[in-house]
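Here's the structure, in structure tokens; my notes come after.
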Amino acid sequence: MARENADFVSWGVCRGRTLGPAPFFVVGIANATPDSFYDGGSVTGSEALVAKGLALLDQGADILDIGGESTRPFAEQVAADIELERVLPVVRGVLRERPDAIISVDTTKASVARACLEAGAAIVNDVSAMQADPGLLEVVAGFRPGYVLMHSLGTPGTMQLAPRYDDVVDEIRGFFASRLDALVRAGVPEENVVLDPGIGFGKTLRHNLDILKHIDRFFEFGRPVYMGLSNKSLWKGLLDRDGRDRNAPTLAATVVLYGRGVRIHRVHEVRETRDGLMVAHTLETAREERERC
């Protein structure tokens, strides 16, 4: 079975910095929203959110992903000024305490991305692939941050209204080929782009399982695959699990996907994920050493 072209991952981010090489990256999720599907806004206020972000870094997050607009199915859009009011103080607060922290801003808006990059963020995680705000392309081309190119069918408000594909894997591959080419032609370094197939973003349970089954087909672009399946409704459909009962299947899938070559994992539970990935990496390294003997 095909795997990525290297066992270790590197990722170009803002200001000419390169993350890695490393066996994997764990991306910790910090929701600055009142309607997150995971915590429902249980952590509010910039000081509490900064503390949560610092705790995720202490647990071993390589990257902290901060978002101020929920992207759960049927979520309503948030005005840019409100999103920025939620996110920017957290970005600044975390970097004030940890100047070397790698901050990712989860946004589709050019103005939010620009302000956060100016404040020191290094990555833009855009669920819309620049289709929500075409001005985001100019921002990303100018700052050259790390960029998560994600596939979605429609907007969060509409994406789960009977999504249909002839072949979900082939259609996402075609999408990546087209969008990656457009990014590179606009001046975004290819080494700064990672690919997220968008689990749960305009996909049924069957679509999600097909993507995971054929994950190796996305390695043909030579870019790392970024996986975001933490505690999603996929586990409701497959196992009838709700809430934090989805942690175990999330971890199991994360470790399996690591074994198949996926190197970047966006998760809510950082410590457990890092432990699981370290075990998988250690056992894989030991196996490879035995085979070389």
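Please note that chains go A, B, ... in the order of the structure tokens, that every chain numbers its residues from 1, and that ligands are numbered from 1 in the order shown.
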
What's around Ala122 of chain A at 6 Å? Count only C-alpha atoms, leave out sequence neighbours fewer than 3 positions away in its own chain, and write the answer as a PDB file with N, CA and C atoms, in the first residue's frame.
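Saved the output as result-v1.pdb:
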```pdb
ATOM      1  N   VAL A  13       5.964  27.158   7.321  1.00  0.00           N
ATOM      2  CA  VAL A  13       4.974  28.063   7.893  1.00  0.00           C
ATOM      3  C   VAL A  13       5.474  29.497   7.765  1.00  0.00           C
ATOM      4  N   CYS A  14       4.785  30.415   8.407  1.00  0.00           N
ATOM      5  CA  CYS A  14       5.032  31.840   8.238  1.00  0.00           C
ATOM      6  C   CYS A  14       6.453  32.236   8.639  1.00  0.00           C
ATOM      7  N   ILE A 103       0.898  28.942  16.217  1.00  0.00           N
ATOM      8  CA  ILE A 103      -0.537  29.193  16.261  1.00  0.00           C
ATOM      9  C   ILE A 103      -1.134  29.071  14.868  1.00  0.00           C
ATOM     10  N   SER A 104      -2.200  28.312  14.783  1.00  0.00           N
ATOM     11  CA  SER A 104      -3.001  28.200  13.561  1.00  0.00           C
ATOM     12  C   SER A 104      -4.325  28.902  13.813  1.00  0.00           C
ATOM     13  N   PRO A 145       1.977  31.771   5.031  1.00  0.00           N
ATOM     14  CA  PRO A 145       1.889  30.925   6.216  1.00  0.00           C
ATOM     15  C   PRO A 145       1.765  29.466   5.814  1.00  0.00           C
TER      16      PRO A 145
END
```

Inset, instruction - Enumerate, as a PyMOL selection string, the complete set of residues in segment 3-142 of chain A that a backbone-based DSSP assignment places in helix (DSSP H, G or I). - result: chain A and resi 14-16+46-58+80-97+110-118+135-142

Contact residues around segment 206-212 of chain A with only C-alpha atoms at 12 Å, ignoring same-chain residues under 3 positions, as a PDB file with C-alpha atoms, in the first residue's frame:
```pdb
ATOM      1  CA  HIS A 151     -12.276  19.887   0.905  1.00  0.00           C
ATOM      2  CA  SER A 152     -15.885  20.750   1.753  1.00  0.00           C
ATOM      3  CA  LEU A 153     -19.096  20.357  -0.195  1.00  0.00           C
ATOM      4  CA  GLN A 160     -25.012  18.047   5.237  1.00  0.00           C
ATOM      5  CA  ALA A 162     -28.015  15.268   1.169  1.00  0.00           C
ATOM      6  CA  PRO A 163     -24.371  15.379  -0.057  1.00  0.00           C
ATOM      7  CA  ARG A 164     -23.813  13.374  -3.255  1.00  0.00           C
ATOM      8  CA  TYR A 165     -20.732  12.212  -5.173  1.00  0.00           C
ATOM      9  CA  ASP A 166     -20.172   9.840  -8.068  1.00  0.00           C
ATOM     10  CA  ASP A 167     -16.852   8.856  -6.469  1.00  0.00           C
ATOM     11  CA  VAL A 168     -15.978  10.798  -3.334  1.00  0.00           C
ATOM     12  CA  VAL A 169     -12.267   9.936  -3.365  1.00  0.00           C
ATOM     13  CA  ASP A 170     -11.744  10.777  -7.036  1.00  0.00           C
ATOM     14  CA  GLU A 171     -13.667  14.028  -6.719  1.00  0.00           C
ATOM     15  CA  ILE A 172     -11.623  15.150  -3.721  1.00  0.00           C
ATOM     16  CA  ARG A 173      -8.409  14.231  -5.573  1.00  0.00           C
ATOM     17  CA  ASP A 196      -7.337  17.820   4.570  1.00  0.00           C
ATOM     18  CA  PRO A 197     -10.007  15.624   2.928  1.00  0.00           C
ATOM     19  CA  GLY A 198     -12.616  17.195   5.202  1.00  0.00           C
ATOM     20  CA  ILE A 199     -14.149  14.371   7.205  1.00  0.00           C
ATOM     21  CA  GLY A 200     -17.747  15.336   7.983  1.00  0.00           C
ATOM     22  CA  PHE A 201     -17.785  18.374   5.703  1.00  0.00           C
ATOM     23  CA  GLY A 202     -20.465  17.504   3.175  1.00  0.00           C
ATOM     24  CA  LYS A 203     -20.072  13.741   3.566  1.00  0.00           C
ATOM     25  CA  ILE A 215      -6.455   7.616   2.430  1.00  0.00           C
ATOM     26  CA  ASP A 216      -3.273   6.526   0.633  1.00  0.00           C
ATOM     27  CA  ARG A 217      -4.668   7.882  -2.662  1.00  0.00           C
ATOM     28  CA  PHE A 218      -4.171  11.440  -1.416  1.00  0.00           C
ATOM     29  CA  VAL A 225      -2.298  14.711   4.868  1.00  0.00           C
ATOM     30  CA  MET A 227      -6.646  14.669   9.484  1.00  0.00           C
ATOM     31  CA  GLY A 228      -9.521  16.149  11.482  1.00  0.00           C
ATOM     32  CA  LEU A 229     -11.863  13.426  12.690  1.00  0.00           C
ATOM     33  CA  LYS A 232     -17.129  13.921  14.910  1.00  0.00           C
ATOM     34  CA  SER A 233     -20.567  12.551  14.061  1.00  0.00           C
ATOM     35  CA  LEU A 234     -18.820   9.803  12.083  1.00  0.00           C
ATOM     36  CA  TRP A 235     -18.631   7.961  15.409  1.00  0.00           C
ATOM     37  CA  GLY A 237     -23.155   6.918  12.737  1.00  0.00           C
ATOM     38  CA  LEU A 238     -20.712   4.033  13.095  1.00  0.00           C
ATOM     39  CA  ALA A 253      -8.598   5.749  14.152  1.00  0.00           C
ATOM     40  CA  THR A 254      -5.775   8.255  14.667  1.00  0.00           C
ATOM     41  CA  VAL A 256      -4.410   3.372  12.544  1.00  0.00           C
ATOM     42  CA  LEU A 257      -4.127   6.309  10.161  1.00  0.00           C
ATOM     43  CA  TYR A 258      -0.656   7.116  11.471  1.00  0.00           C
ATOM     44  CA  ARG A 260      -0.958   4.238   7.047  1.00  0.00           C
ATOM     45  CA  GLY A 261       1.106   7.401   6.639  1.00  0.00           C
ATOM     46  CA  VAL A 262      -1.027  10.267   7.974  1.00  0.00           C
TER      47      VAL A 262
END
```

Contacts between segment 17-23 of chain A and segment 46-100 of chain A, please, where a residue of segment 46-100 of chain A counts if it comes within 12 Å (with only C-alpha atoms); show its shortest atom pair and distance in Å to one decimal, rows by chain and ascending number, as a tab-separated table.
```
residue	atom	partner	partner_atom	distance
A:Asp62	CA	A:Leu19	CA	9.0
A:Ile63	CA	A:Leu19	CA	9.8
A:Asp100	CA	A:Arg17	CA	11.0
```

Dump C-alpha atoms for the selected residues as a tab-separated table (two decimals), in the first residue's frame?
```
chain	number	residue	atom	x	y	z
A	62	ASP	CA	2.88	20.98	18.40
A	63	ILE	CA	0.36	23.45	16.97
A	100	ASP	CA	7.71	30.32	20.09
```

Legend entry - Sel. of strand (DSSP E) residues, segment 148-291 of chain A, as JSON, numbers by chain: {"A": [148, 149, 150, 193, 194, 195, 196, 226, 227, 264, 265, 266, 267]}

Since we have the selection now, will you write its residues out, keeping N, CA and C atoms, as a tab-separated table (two decimals), in the first residue's frame?
```tsv
chain	number	residue	atom	x	y	z
A	148	VAL	N	-3.78	25.02	5.42
A	148	VAL	CA	-4.52	23.76	5.37
A	148	VAL	C	-5.57	23.89	4.28
A	149	LEU	N	-5.36	23.14	3.19
A	149	LEU	CA	-6.29	23.12	2.07
A	149	LEU	C	-7.30	22.00	2.31
A	150	MET	N	-8.52	22.37	2.65
A	150	MET	CA	-9.53	21.37	3.03
A	150	MET	C	-10.65	21.29	2.01
A	193	VAL	N	1.73	23.90	2.07
A	193	VAL	CA	0.35	23.44	1.95
A	193	VAL	C	0.23	21.99	2.40
A	194	VAL	N	-0.76	21.72	3.25
A	194	VAL	CA	-1.11	20.35	3.61
A	194	VAL	C	-2.56	20.12	3.22
A	195	LEU	N	-2.94	18.85	3.07
A	195	LEU	CA	-4.23	18.50	2.48
A	195	LEU	C	-5.14	17.82	3.49
A	196	ASP	N	-6.35	18.37	3.66
A	196	ASP	CA	-7.34	17.82	4.57
A	196	ASP	C	-8.55	17.38	3.76
A	226	TYR	N	-3.51	16.06	6.44
A	226	TYR	CA	-3.93	16.64	7.72
A	226	TYR	C	-5.29	16.05	8.04
A	227	MET	N	-5.42	15.39	9.18
A	227	MET	CA	-6.65	14.67	9.48
A	227	MET	C	-7.39	15.29	10.66
A	264	ILE	N	-0.32	14.39	10.36
A	264	ILE	CA	-0.79	15.58	11.09
A	264	ILE	C	-2.21	15.30	11.56
A	265	HIS	N	-2.43	15.45	12.88
A	265	HIS	CA	-3.70	15.07	13.48
A	265	HIS	C	-4.24	16.21	14.34
A	266	ARG	N	-5.41	16.70	14.00
A	266	ARG	CA	-6.09	17.78	14.73
A	266	ARG	C	-7.07	17.16	15.70
A	267	VAL	N	-6.86	17.39	17.02
A	267	VAL	CA	-7.61	16.66	18.02
A	267	VAL	C	-8.00	17.54	19.21
```

Inset, instruction - Enter the distance from atom CA of Trp11 of chain A to atom CA of Leu117 of chain A, in Å, rounded to one decimal. - result: 16.7 Å

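You will find atom CA of Gly28 of chain A at 15.8 Å from atom CA of Arg244 of chain A.
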
Inset, instruction - Would you mind listing what lies within 7 Å of Val139 of chain A as a PyMOL selection string, with only C-alpha atoms counted and same-chain residues fewer than 3 positions away left out? - result: chain A and resi 110+114+135-136+142-143

Within 12 Å of segment 91-97 of chain A, counting only C-alpha atoms, which residues show up once you throw out same-chain ones fewer than 3 positions away? Write them as an mmCIF file with N, CA and C atoms, in the first residue's frame, please.
```cif
data_model
loop_
_atom_site.group_PDB
_atom_site.id
_atom_site.type_symbol
_atom_site.label_atom_id
_atom_site.label_comp_id
_atom_site.auth_asym_id
_atom_site.auth_seq_id
_atom_site.Cartn_x
_atom_site.Cartn_y
_atom_site.Cartn_z
ATOM 1 N N ALA A 30 -8.527 24.710 20.112
ATOM 2 C CA ALA A 30 -8.980 25.686 21.098
ATOM 3 C C ALA A 30 -10.165 26.450 20.505
ATOM 4 N N ASN A 31 -11.366 26.102 20.908
ATOM 5 C CA ASN A 31 -12.573 26.715 20.359
ATOM 6 C C ASN A 31 -12.920 27.995 21.112
ATOM 7 N N ALA A 32 -12.883 29.114 20.404
ATOM 8 C CA ALA A 32 -13.287 30.394 20.989
ATOM 9 C C ALA A 32 -14.691 30.741 20.521
ATOM 10 N N GLY A 45 -14.261 33.610 27.421
ATOM 11 C CA GLY A 45 -13.424 34.704 27.898
ATOM 12 C C GLY A 45 -11.984 34.478 27.487
ATOM 13 N N SER A 46 -11.325 35.553 27.062
ATOM 14 C CA SER A 46 -9.979 35.400 26.499
ATOM 15 C C SER A 46 -8.984 34.839 27.508
ATOM 16 N N GLU A 47 -9.085 35.217 28.776
ATOM 17 C CA GLU A 47 -8.126 34.717 29.761
ATOM 18 C C GLU A 47 -8.264 33.203 29.935
ATOM 19 N N ALA A 48 -9.493 32.713 30.030
ATOM 20 C CA ALA A 48 -9.713 31.273 30.174
ATOM 21 C C ALA A 48 -9.269 30.529 28.922
ATOM 22 N N LEU A 49 -9.513 31.112 27.756
ATOM 23 C CA LEU A 49 -9.111 30.466 26.509
ATOM 24 C C LEU A 49 -7.597 30.448 26.344
ATOM 25 N N VAL A 50 -6.931 31.498 26.770
ATOM 26 C CA VAL A 50 -5.461 31.497 26.760
ATOM 27 C C VAL A 50 -4.953 30.399 27.677
ATOM 28 N N ALA A 51 -5.541 30.281 28.863
ATOM 29 C CA ALA A 51 -5.128 29.234 29.801
ATOM 30 C C ALA A 51 -5.346 27.850 29.198
ATOM 31 N N LYS A 52 -6.472 27.668 28.504
ATOM 32 C CA LYS A 52 -6.721 26.376 27.856
ATOM 33 C C LYS A 52 -5.682 26.105 26.769
ATOM 34 N N GLY A 53 -5.368 27.124 25.980
ATOM 35 C CA GLY A 53 -4.368 26.962 24.931
ATOM 36 C C GLY A 53 -3.013 26.597 25.501
ATOM 37 N N LEU A 54 -2.614 27.253 26.568
ATOM 38 C CA LEU A 54 -1.329 26.953 27.201
ATOM 39 C C LEU A 54 -1.328 25.531 27.756
ATOM 40 N N ALA A 55 -2.465 25.109 28.299
ATOM 41 C CA ALA A 55 -2.555 23.743 28.817
ATOM 42 C C ALA A 55 -2.394 22.719 27.695
ATOM 43 N N LEU A 56 -3.000 22.987 26.535
ATOM 44 C CA LEU A 56 -2.848 22.073 25.397
ATOM 45 C C LEU A 56 -1.389 22.003 24.935
ATOM 46 N N LEU A 57 -0.708 23.137 24.937
ATOM 47 C CA LEU A 57 0.713 23.133 24.593
ATOM 48 C C LEU A 57 1.503 22.323 25.613
ATOM 49 N N ASP A 58 1.175 22.472 26.893
ATOM 50 C CA ASP A 58 1.856 21.707 27.937
ATOM 51 C C ASP A 58 1.606 20.205 27.790
ATOM 52 N N ILE A 63 1.041 22.321 17.598
ATOM 53 C CA ILE A 63 0.359 23.453 16.971
ATOM 54 C C ILE A 63 -0.931 23.679 17.745
ATOM 55 N N LEU A 64 -1.305 24.930 17.931
ATOM 56 C CA LEU A 64 -2.567 25.272 18.584
ATOM 57 C C LEU A 64 -3.479 25.914 17.551
ATOM 58 N N ASP A 65 -4.628 25.289 17.294
ATOM 59 C CA ASP A 65 -5.566 25.772 16.280
ATOM 60 C C ASP A 65 -6.710 26.509 16.982
ATOM 61 N N ILE A 66 -6.807 27.819 16.736
ATOM 62 C CA ILE A 66 -7.775 28.676 17.416
ATOM 63 C C ILE A 66 -8.832 29.132 16.415
ATOM 64 N N GLY A 67 -10.097 28.885 16.739
ATOM 65 C CA GLY A 67 -11.181 29.266 15.835
ATOM 66 C C GLY A 67 -12.268 30.043 16.543
ATOM 67 N N GLY A 68 -12.827 31.041 15.878
ATOM 68 C CA GLY A 68 -13.870 31.869 16.459
ATOM 69 C C GLY A 68 -15.208 31.761 15.763
ATOM 70 N N LEU A 84 -13.111 38.083 15.001
ATOM 71 C CA LEU A 84 -11.807 38.635 15.363
ATOM 72 C C LEU A 84 -11.755 38.987 16.849
ATOM 73 N N GLU A 85 -12.860 39.481 17.374
ATOM 74 C CA GLU A 85 -12.930 39.813 18.800
ATOM 75 C C GLU A 85 -12.743 38.572 19.667
ATOM 76 N N ARG A 86 -13.191 37.437 19.162
ATOM 77 C CA ARG A 86 -13.037 36.186 19.902
ATOM 78 C C ARG A 86 -11.622 35.613 19.802
ATOM 79 N N VAL A 87 -11.036 35.728 18.629
ATOM 80 C CA VAL A 87 -9.799 35.001 18.343
ATOM 81 C C VAL A 87 -8.531 35.792 18.661
ATOM 82 N N LEU A 88 -8.487 37.052 18.240
ATOM 83 C CA LEU A 88 -7.235 37.805 18.309
ATOM 84 C C LEU A 88 -6.668 37.921 19.727
ATOM 85 N N ASP A 100 7.346 31.274 21.135
ATOM 86 C CA ASP A 100 7.708 30.321 20.087
ATOM 87 C C ASP A 100 6.568 29.382 19.703
ATOM 88 N N ALA A 101 5.407 29.545 20.317
ATOM 89 C CA ALA A 101 4.283 28.662 20.013
ATOM 90 C C ALA A 101 3.856 28.812 18.554
ATOM 91 N N ILE A 102 3.452 27.714 17.958
ATOM 92 C CA ILE A 102 2.945 27.727 16.583
ATOM 93 C C ILE A 102 1.424 27.800 16.643
ATOM 94 N N ILE A 103 0.898 28.942 16.217
ATOM 95 C CA ILE A 103 -0.537 29.193 16.261
ATOM 96 C C ILE A 103 -1.134 29.071 14.868
ATOM 97 N N SER A 104 -2.200 28.312 14.783
ATOM 98 C CA SER A 104 -3.001 28.200 13.561
ATOM 99 C C SER A 104 -4.325 28.902 13.813
ATOM 100 N N VAL A 105 -4.771 29.710 12.853
ATOM 101 C CA VAL A 105 -6.072 30.361 12.983
ATOM 102 C C VAL A 105 -7.048 29.674 12.036
ATOM 103 N N ASP A 106 -8.147 29.199 12.617
ATOM 104 C CA ASP A 106 -9.176 28.471 11.880
ATOM 105 C C ASP A 106 -10.204 29.490 11.388
ATOM 106 N N VAL A 112 -9.687 38.376 9.111
ATOM 107 C CA VAL A 112 -9.331 37.673 10.344
ATOM 108 C C VAL A 112 -7.958 37.032 10.204
ATOM 109 N N ALA A 113 -7.721 36.398 9.074
ATOM 110 C CA ALA A 113 -6.414 35.773 8.848
ATOM 111 C C ALA A 113 -5.304 36.816 8.880
ATOM 112 N N ALA A 115 -5.147 39.807 10.356
ATOM 113 C CA ALA A 115 -4.904 40.339 11.697
ATOM 114 C C ALA A 115 -4.172 39.329 12.573
ATOM 115 N N CYS A 116 -4.550 38.068 12.469
ATOM 116 C CA CYS A 116 -3.915 37.042 13.297
ATOM 117 C C CYS A 116 -2.483 36.755 12.834
ATOM 118 N N LEU A 117 -2.243 36.767 11.537
ATOM 119 C CA LEU A 117 -0.873 36.585 11.032
ATOM 120 C C LEU A 117 0.002 37.758 11.448
ATOM 121 N N GLU A 118 -0.539 38.956 11.397
ATOM 122 C CA GLU A 118 0.217 40.127 11.850
ATOM 123 C C GLU A 118 0.548 40.026 13.339
ATOM 124 N N ALA A 119 -0.329 39.364 14.099
ATOM 125 C CA ALA A 119 -0.119 39.202 15.541
ATOM 126 C C ALA A 119 0.836 38.064 15.868
ATOM 127 N N GLY A 120 1.201 37.254 14.847
ATOM 128 C CA GLY A 120 2.180 36.201 15.082
ATOM 129 C C GLY A 120 1.729 34.796 14.780
ATOM 130 N N ALA A 121 0.478 34.615 14.352
ATOM 131 C CA ALA A 121 0.042 33.281 13.934
ATOM 132 C C ALA A 121 0.870 32.828 12.738
ATOM 133 N N ALA A 122 0.984 31.505 12.569
ATOM 134 C CA ALA A 122 1.871 30.965 11.534
ATOM 135 C C ALA A 122 1.164 30.113 10.496
ATOM 136 N N ILE A 123 -0.100 29.754 10.751
ATOM 137 C CA ILE A 123 -0.832 28.827 9.883
ATOM 138 C C ILE A 123 -2.260 29.327 9.717
#
```

Inset, instruction - Identify, on the basis of only C-alpha atoms, every residue whose closest approach to Pro249 of chain A does not exceed 9 Å; exclude the query and any residue fewer than 6 positions from it along the same chain; express the result as a list in words. - result: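 Result of the neighbour search: Ser230, Asn231, Trp235 and Leu239 of chain A.
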
Can I get the selected residues back with N, CA and C atoms, as a compact mmCIF listing (two decimals), in the first residue's frame?
```
# COMPACT_ATOMS: atom_id res chain seq x y z
N SER A 230 -11.64 14.24 14.96
CA SER A 230 -11.79 14.16 16.41
C SER A 230 -13.23 14.33 16.86
N ASN A 231 -13.80 13.25 17.44
CA ASN A 231 -15.11 13.29 18.08
C ASN A 231 -16.25 13.72 17.15
N TRP A 235 -18.59 8.99 14.35
CA TRP A 235 -18.63 7.96 15.41
C TRP A 235 -20.06 7.73 15.92
N LEU A 239 -20.88 3.95 15.53
CA LEU A 239 -20.89 3.26 16.83
C LEU A 239 -21.99 3.73 17.77
```

Give me, as a PDB file with C-alpha atoms, in the first residue's frame, all polymer residues having an atom no more than 9 Å from His281 of chain A, counting only C-alpha atoms and skipping those fewer than 3 positions away in the same chain.
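Once everything was written out, this is around.pdb:
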```
ATOM      1  CA  PRO A  23       7.332  11.658  13.114  1.00  0.00           C
ATOM      2  CA  PHE A  24       4.003  13.473  13.515  1.00  0.00           C
ATOM      3  CA  TYR A 258      -0.656   7.116  11.471  1.00  0.00           C
ATOM      4  CA  GLY A 259       0.325   3.557  10.552  1.00  0.00           C
ATOM      5  CA  GLY A 276      -0.916   6.846  21.301  1.00  0.00           C
ATOM      6  CA  LEU A 277       1.136   8.207  18.425  1.00  0.00           C
ATOM      7  CA  MET A 278       4.389   7.845  20.371  1.00  0.00           C
ATOM      8  CA  GLU A 284       7.030   0.945  14.015  1.00  0.00           C
ATOM      9  CA  THR A 285      10.630   2.078  14.461  1.00  0.00           C
ATOM     10  CA  ALA A 286      11.465  -1.141  16.334  1.00  0.00           C
TER      11      ALA A 286
END
```

Inset, instruction - Have a look at A:Thr33, A:Ser111, A:Gln59, A:Thr250 and name the one nearest to Leu137 of chain A; count only C-alpha atoms. - result: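 Smallest separation from Leu137 of chain A among the options: A:Ser111.
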